[in-house]
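In what follows, a single structure is set out as C-alpha cells and then discussed.
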Amino acid sequence: MADPNTKGDQAMPDTKYLQKRDGCWYIRVARPPKSWGLGGKEFLHSLKTGELRHAQRLRDKHLCPILAEDSSVRMVEAIARILGTADADMNERLRQFGIQLGDDGTMSLADLAAKFIAAAEKADYKPATVKGFRSTLKGLIIILGDDLELRDLKKAHILKFRDTLVDLSANWLIRSTDQLEPATGDAKSVSPRTIQGYLRRLNRIFAWAIEEDIYVGENPVAGVHTTFTRRKTMQQVTVEEADALLAMPYPKNKNVDARAWTYMPLIARYTGARIAEIGQLRREDVVKVEGALCLSIGSSGGRSVKTESSERLVPVSDKLRPHILKLHRIVKQGRLFPNCGDWKDSNGYVQTAHGFKLWNRHAKNVGAHISFHAWRRYAVTQMANAGVAEIDRMRIVGHAVGGTHAIYTGEDLKRYKEAVDRIP
C-alpha cells in the first residue's frame, strides 16, 4: 500500500491578479493613474467561480494576453467594442494593428453551437458537461430554427424557448424526429428543473459568446427564469433497508460485474462517496495515512472528480475495513472495479458504473424512491444523527465548505475515522 506520509514543501498558489471575496474569485488589476477618473484606482470583476484552478484558467486565457499587448492598441480596440457599430474604415484601421473585431452579423445559431462545442471540448470541461451543452444547443436550434442569426436574437426568443418547453413531452429531445410534440394523456412533460438547467447552460454559452466578441449586446438569457418546483424528496434509508439493499442477489447481468455489485454499495454505505468516485478507485488508492487505512479520492491517474473539494482522504471504518482488505488482496493492480459497467455514449464519452441503473431498479423492491445515490444521503444522515459536526460531514463526503469557521476548523483524520465508525 502507498504511504503518502512524507510530503515536500507545498508551493504557494498562483493568485496573481486574483482576489477571493465571499467564496468567489475576482480579477483585480490596478489602473494607470491617468485613468483613475474613468473608474477608480483598480479594475475588479467577478469570475463567478469558487475554484482556484478555474479562476487561473480564465485569467491566463483572457487577462494575461491583454496585459501582454500594447496598451494603446487595446484601448482603441476596447472603445470600438463598446461602440459595437464600427464602420468599414474603423475595421480597416484596426486591421493595421493586427486586430480583427468579432462579427455576429452573418453567424447563425448553428454556427454558434459549432463554435462553442469545439471550444468546450478543447477546454477541460467534463464530458457530462459538454453533453449537457450539446443537448441544450440542439433544443434551442430545434425550437428557434438553425437559420436564426445572432444579431436578430433577443430576449423574446429565449422566452419563446422557455414557454415552448413547458408543453413538450419529457423525452422530446431524444426522439429521432425534430417535431415539437406536446405531452398528451399521462405522458410526463419537461420538468421545471430541466428547463432551469437549459437556461443556466444558455446563460453560460451567451456569456462566453460575449467574451469572445461573437455576440454583441446584453446577455439575452439574463433575467429569464422559470417557476422552480422542488423534486420529490428522496426516501430516507433506514438501517433495516440498508441491510436489505446489501442483501440483494446478484442478477447475473452482463452489464454489471459481480464484484462491483457486492462491494460498491458497501463502500458507499460507509463513506458516502459518489458512485463515479467509487467506480474509479484503483488498488493504489487504498492507502495508509497517519496510521489510518483510507481511500484516496482524487483526479490523478486519469480519474475525475465532480469539484475541487471532492479530492479527499476518507478513513475506512471498522465495519468496512475487512471488505476493503479482502478486495485489496483480490485485485493485483489497476482499478478495483474494472468491469463495473463502463460504456460509451453516442458522443464517445465514458459513463462510469452505468450498469448500476439496474441496481436502482432492483432497489425499488426495498423502497419506492431509493437509488444508489441514496447511500450518500444515508451516510450523511447517520453521521448527523450520531452528532458528527456538519463541517466534518461535508469534508468526508466531499462537499464544499466555506466561511470563517471552516477556515479555523482543521482537517483531522482521527476525527473523521471516529465519524465514519458511527455509521451503522
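Identifiers in the C-alpha cells: chain A, B, ... in order shown; residue index from 1 per chain; ligand index from 1 in order shown.
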- request: For A:Leu325, work out the shell of residues within 12 Å, counting only C-alpha atoms and skipping chain neighbours fewer than 3 positions away, then give it as an MDAnalysis selection string.
  value: chainID A and resid 1 263 283 286:288 293:295 316:322 328:331 336
DSSP-assigned helix (DSSP H, G or I) among stretch 140-277 of chain A, expressed as a ChimeraX atom specification: /A:140-144,150-152,155-167,172-174,192-211,239-246,258-271,275-277
- request: Could you give me, as a ChimeraX atom specification, the residues within 10 Å of A:Arg335, counting only C-alpha atoms and dropping anything in the same chain fewer than 4 positions from it?
  value: /A:278-285,331,339-340
query: How many Å separate atom CA of A:Ala128 from atom CA of A:Ile324?
result: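 These two atoms are separated by 29.4 Å.
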message: List as a PyMOL selection string the protein and nucleic acid residues near A:Ala247, meaning an atom at most 12 Å away when only C-alpha atoms are counted, but skip any in the same chain fewer than 6 places from it.
response: chain A and resi 240-241+261-263+265-266+359+362-363+365-366
Next, dump the selected residues to file, keeping only N, CA and C atoms, as a PDB file, in the first residue's frame.
ATOM      1  N   GLU A 240     -32.468  -0.902   8.529  1.00  0.00           N
ATOM      2  CA  GLU A 240     -33.037  -2.171   8.055  1.00  0.00           C
ATOM      3  C   GLU A 240     -33.063  -2.208   6.526  1.00  0.00           C
ATOM      4  N   GLU A 241     -33.446  -1.088   5.913  1.00  0.00           N
ATOM      5  CA  GLU A 241     -33.461  -1.033   4.445  1.00  0.00           C
ATOM      6  C   GLU A 241     -32.052  -1.123   3.884  1.00  0.00           C
ATOM      7  N   TRP A 261     -21.128  -5.256  -7.887  1.00  0.00           N
ATOM      8  CA  TRP A 261     -22.449  -5.367  -7.263  1.00  0.00           C
ATOM      9  C   TRP A 261     -22.325  -5.618  -5.767  1.00  0.00           C
ATOM     10  N   THR A 262     -21.288  -6.357  -5.360  1.00  0.00           N
ATOM     11  CA  THR A 262     -21.113  -6.718  -3.954  1.00  0.00           C
ATOM     12  C   THR A 262     -20.447  -5.608  -3.150  1.00  0.00           C
ATOM     13  N   TYR A 263     -19.347  -5.046  -3.690  1.00  0.00           N
ATOM     14  CA  TYR A 263     -18.518  -4.155  -2.880  1.00  0.00           C
ATOM     15  C   TYR A 263     -18.831  -2.667  -3.030  1.00  0.00           C
ATOM     16  N   PRO A 265     -21.749  -0.967  -3.224  1.00  0.00           N
ATOM     17  CA  PRO A 265     -22.727  -0.484  -2.237  1.00  0.00           C
ATOM     18  C   PRO A 265     -22.169  -0.462  -0.812  1.00  0.00           C
ATOM     19  N   LEU A 266     -21.298  -1.425  -0.483  1.00  0.00           N
ATOM     20  CA  LEU A 266     -20.683  -1.444   0.845  1.00  0.00           C
ATOM     21  C   LEU A 266     -19.833  -0.195   1.069  1.00  0.00           C
ATOM     22  N   TRP A 359     -29.197  -1.715 -10.710  1.00  0.00           N
ATOM     23  CA  TRP A 359     -29.242  -1.762  -9.250  1.00  0.00           C
ATOM     24  C   TRP A 359     -30.383  -0.883  -8.745  1.00  0.00           C
ATOM     25  N   HIS A 362     -33.699  -2.704  -9.051  1.00  0.00           N
ATOM     26  CA  HIS A 362     -33.855  -3.729  -8.006  1.00  0.00           C
ATOM     27  C   HIS A 362     -34.116  -3.069  -6.652  1.00  0.00           C
ATOM     28  N   ALA A 363     -33.501  -1.892  -6.425  1.00  0.00           N
ATOM     29  CA  ALA A 363     -33.642  -1.226  -5.129  1.00  0.00           C
ATOM     30  C   ALA A 363     -35.069  -0.779  -4.877  1.00  0.00           C
ATOM     31  N   ASN A 365     -37.600  -2.461  -5.027  1.00  0.00           N
ATOM     32  CA  ASN A 365     -38.297  -3.506  -4.273  1.00  0.00           C
ATOM     33  C   ASN A 365     -38.153  -3.296  -2.764  1.00  0.00           C
ATOM     34  N   VAL A 366     -37.118  -2.496  -2.388  1.00  0.00           N
ATOM     35  CA  VAL A 366     -36.893  -2.196  -0.976  1.00  0.00           C
ATOM     36  C   VAL A 366     -37.589  -0.903  -0.585  1.00  0.00           C
TER      37      VAL A 366
END
Atomic distance atom CA of A:Asn385 - atom CA of A:Leu246, expressed in Å with one decimal: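 Taking atom CA of A:Asn385 as the start and atom CA of A:Leu246 as the end point, the length is 21.4 Å.
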message: Restricting the calculation to only C-alpha atoms: of A:Asn203, A:Val401, A:Ala273, A:Asp146, which residue gets closest to A:Gly23?
response: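 For A:Gly23, the nearest of the given residues is A:Val401.
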Can you pull out every residue within 6 Å of A:Tyr26, counting only C-alpha atoms, but drop anything in the same chain fewer than 3 positions away, and send it as an mmCIF file with N, CA and C atoms, in the first residue's frame?
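The resulting selection.cif:
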data_model
loop_
_atom_site.group_PDB
_atom_site.id
_atom_site.type_symbol
_atom_site.label_atom_id
_atom_site.label_comp_id
_atom_site.auth_asym_id
_atom_site.auth_seq_id
_atom_site.Cartn_x
_atom_site.Cartn_y
_atom_site.Cartn_z
ATOM 1 N N LEU A 18 -5.624 37.877 -8.953
ATOM 2 C CA LEU A 18 -6.835 37.221 -8.442
ATOM 3 C C LEU A 18 -7.070 37.621 -6.992
ATOM 4 N N GLN A 19 -8.331 37.747 -6.637
ATOM 5 C CA GLN A 19 -8.705 38.026 -5.250
ATOM 6 C C GLN A 19 -10.002 37.286 -4.943
ATOM 7 N N LYS A 20 -10.079 36.674 -3.775
ATOM 8 C CA LYS A 20 -11.269 35.912 -3.401
ATOM 9 C C LYS A 20 -12.112 36.706 -2.418
ATOM 10 N N HIS A 45 -13.503 42.522 -11.239
ATOM 11 C CA HIS A 45 -14.567 41.835 -11.990
ATOM 12 C C HIS A 45 -14.698 40.392 -11.514
ATOM 13 N N SER A 46 -15.926 39.974 -11.198
ATOM 14 C CA SER A 46 -16.162 38.617 -10.710
ATOM 15 C C SER A 46 -15.993 37.585 -11.825
ATOM 16 N N LEU A 47 -15.306 36.479 -11.499
ATOM 17 C CA LEU A 47 -15.154 35.360 -12.431
ATOM 18 C C LEU A 47 -16.240 34.313 -12.228
#
- request: Find the spatial neighbours of A:Arg53, counting only C-alpha atoms, within a cut-off of 12 Å - ignore same-chain residues fewer than 4 positions away - and output them as a list in words.
  value: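 Residues near the query, excluding close chain neighbours: Pro13, Asp14, Thr15, Leu18, Trp25, Leu47, Thr49, Arg57, Leu58, Arg59, Asp60, Asp124, Thr307, Glu308 and Ser309 of chain A.
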message: Need the shell around A:Lys414: protein/DNA/RNA residues with any atom at most 12 Å away, counting only C-alpha atoms. Skip same-chain ones fewer than 4 positions apart. Format as a list in words?
response: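 What passes the distance filter is Val289, Glu290, Gly291, Ala292, Leu293, Cys294, Leu313, Val314, Pro315, Val316, Ser317, Asp392, Ile396, Gly410, Glu418, Ala419, Val420 and Asp421 of chain A.
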- request: Rounded to one decimal place, report the atom CA of A:Ala209-atom CA of A:Lys306 distance in Å.
  value: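 Atom CA of A:Ala209 sits 25.1 Å away from atom CA of A:Lys306.
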- prompt: Where does DSSP see strand (DSSP E) in stretch 241-326 of chain A, if you list the residues as an NGL selection string?
  reply: :A and (286-289 or 292-297 or 312-315)
Okay, now the selection with C-alpha atoms, as a short mmCIF file (atom, residue, chain, number, x, y, z; two decimals), in the first residue's frame?
data_model
loop_
_atom_site.label_atom_id
_atom_site.label_comp_id
_atom_site.auth_asym_id
_atom_site.auth_seq_id
_atom_site.Cartn_x
_atom_site.Cartn_y
_atom_site.Cartn_z
CA VAL A 286 -6.14 2.20 -0.73
CA VAL A 287 -3.54 3.99 1.40
CA LYS A 288 -2.38 4.22 4.99
CA VAL A 289 -2.06 7.77 6.34
CA ALA A 292 -5.36 5.04 9.40
CA LEU A 293 -6.46 3.00 6.39
CA CYS A 294 -8.01 5.42 3.89
CA LEU A 295 -9.49 5.65 0.41
CA SER A 296 -7.84 8.35 -1.67
CA ILE A 297 -10.41 10.04 -3.92
CA ARG A 312 -10.09 13.99 -0.22
CA LEU A 313 -8.98 11.13 2.01
CA VAL A 314 -11.82 9.10 3.54
CA PRO A 315 -10.89 6.87 6.50
#
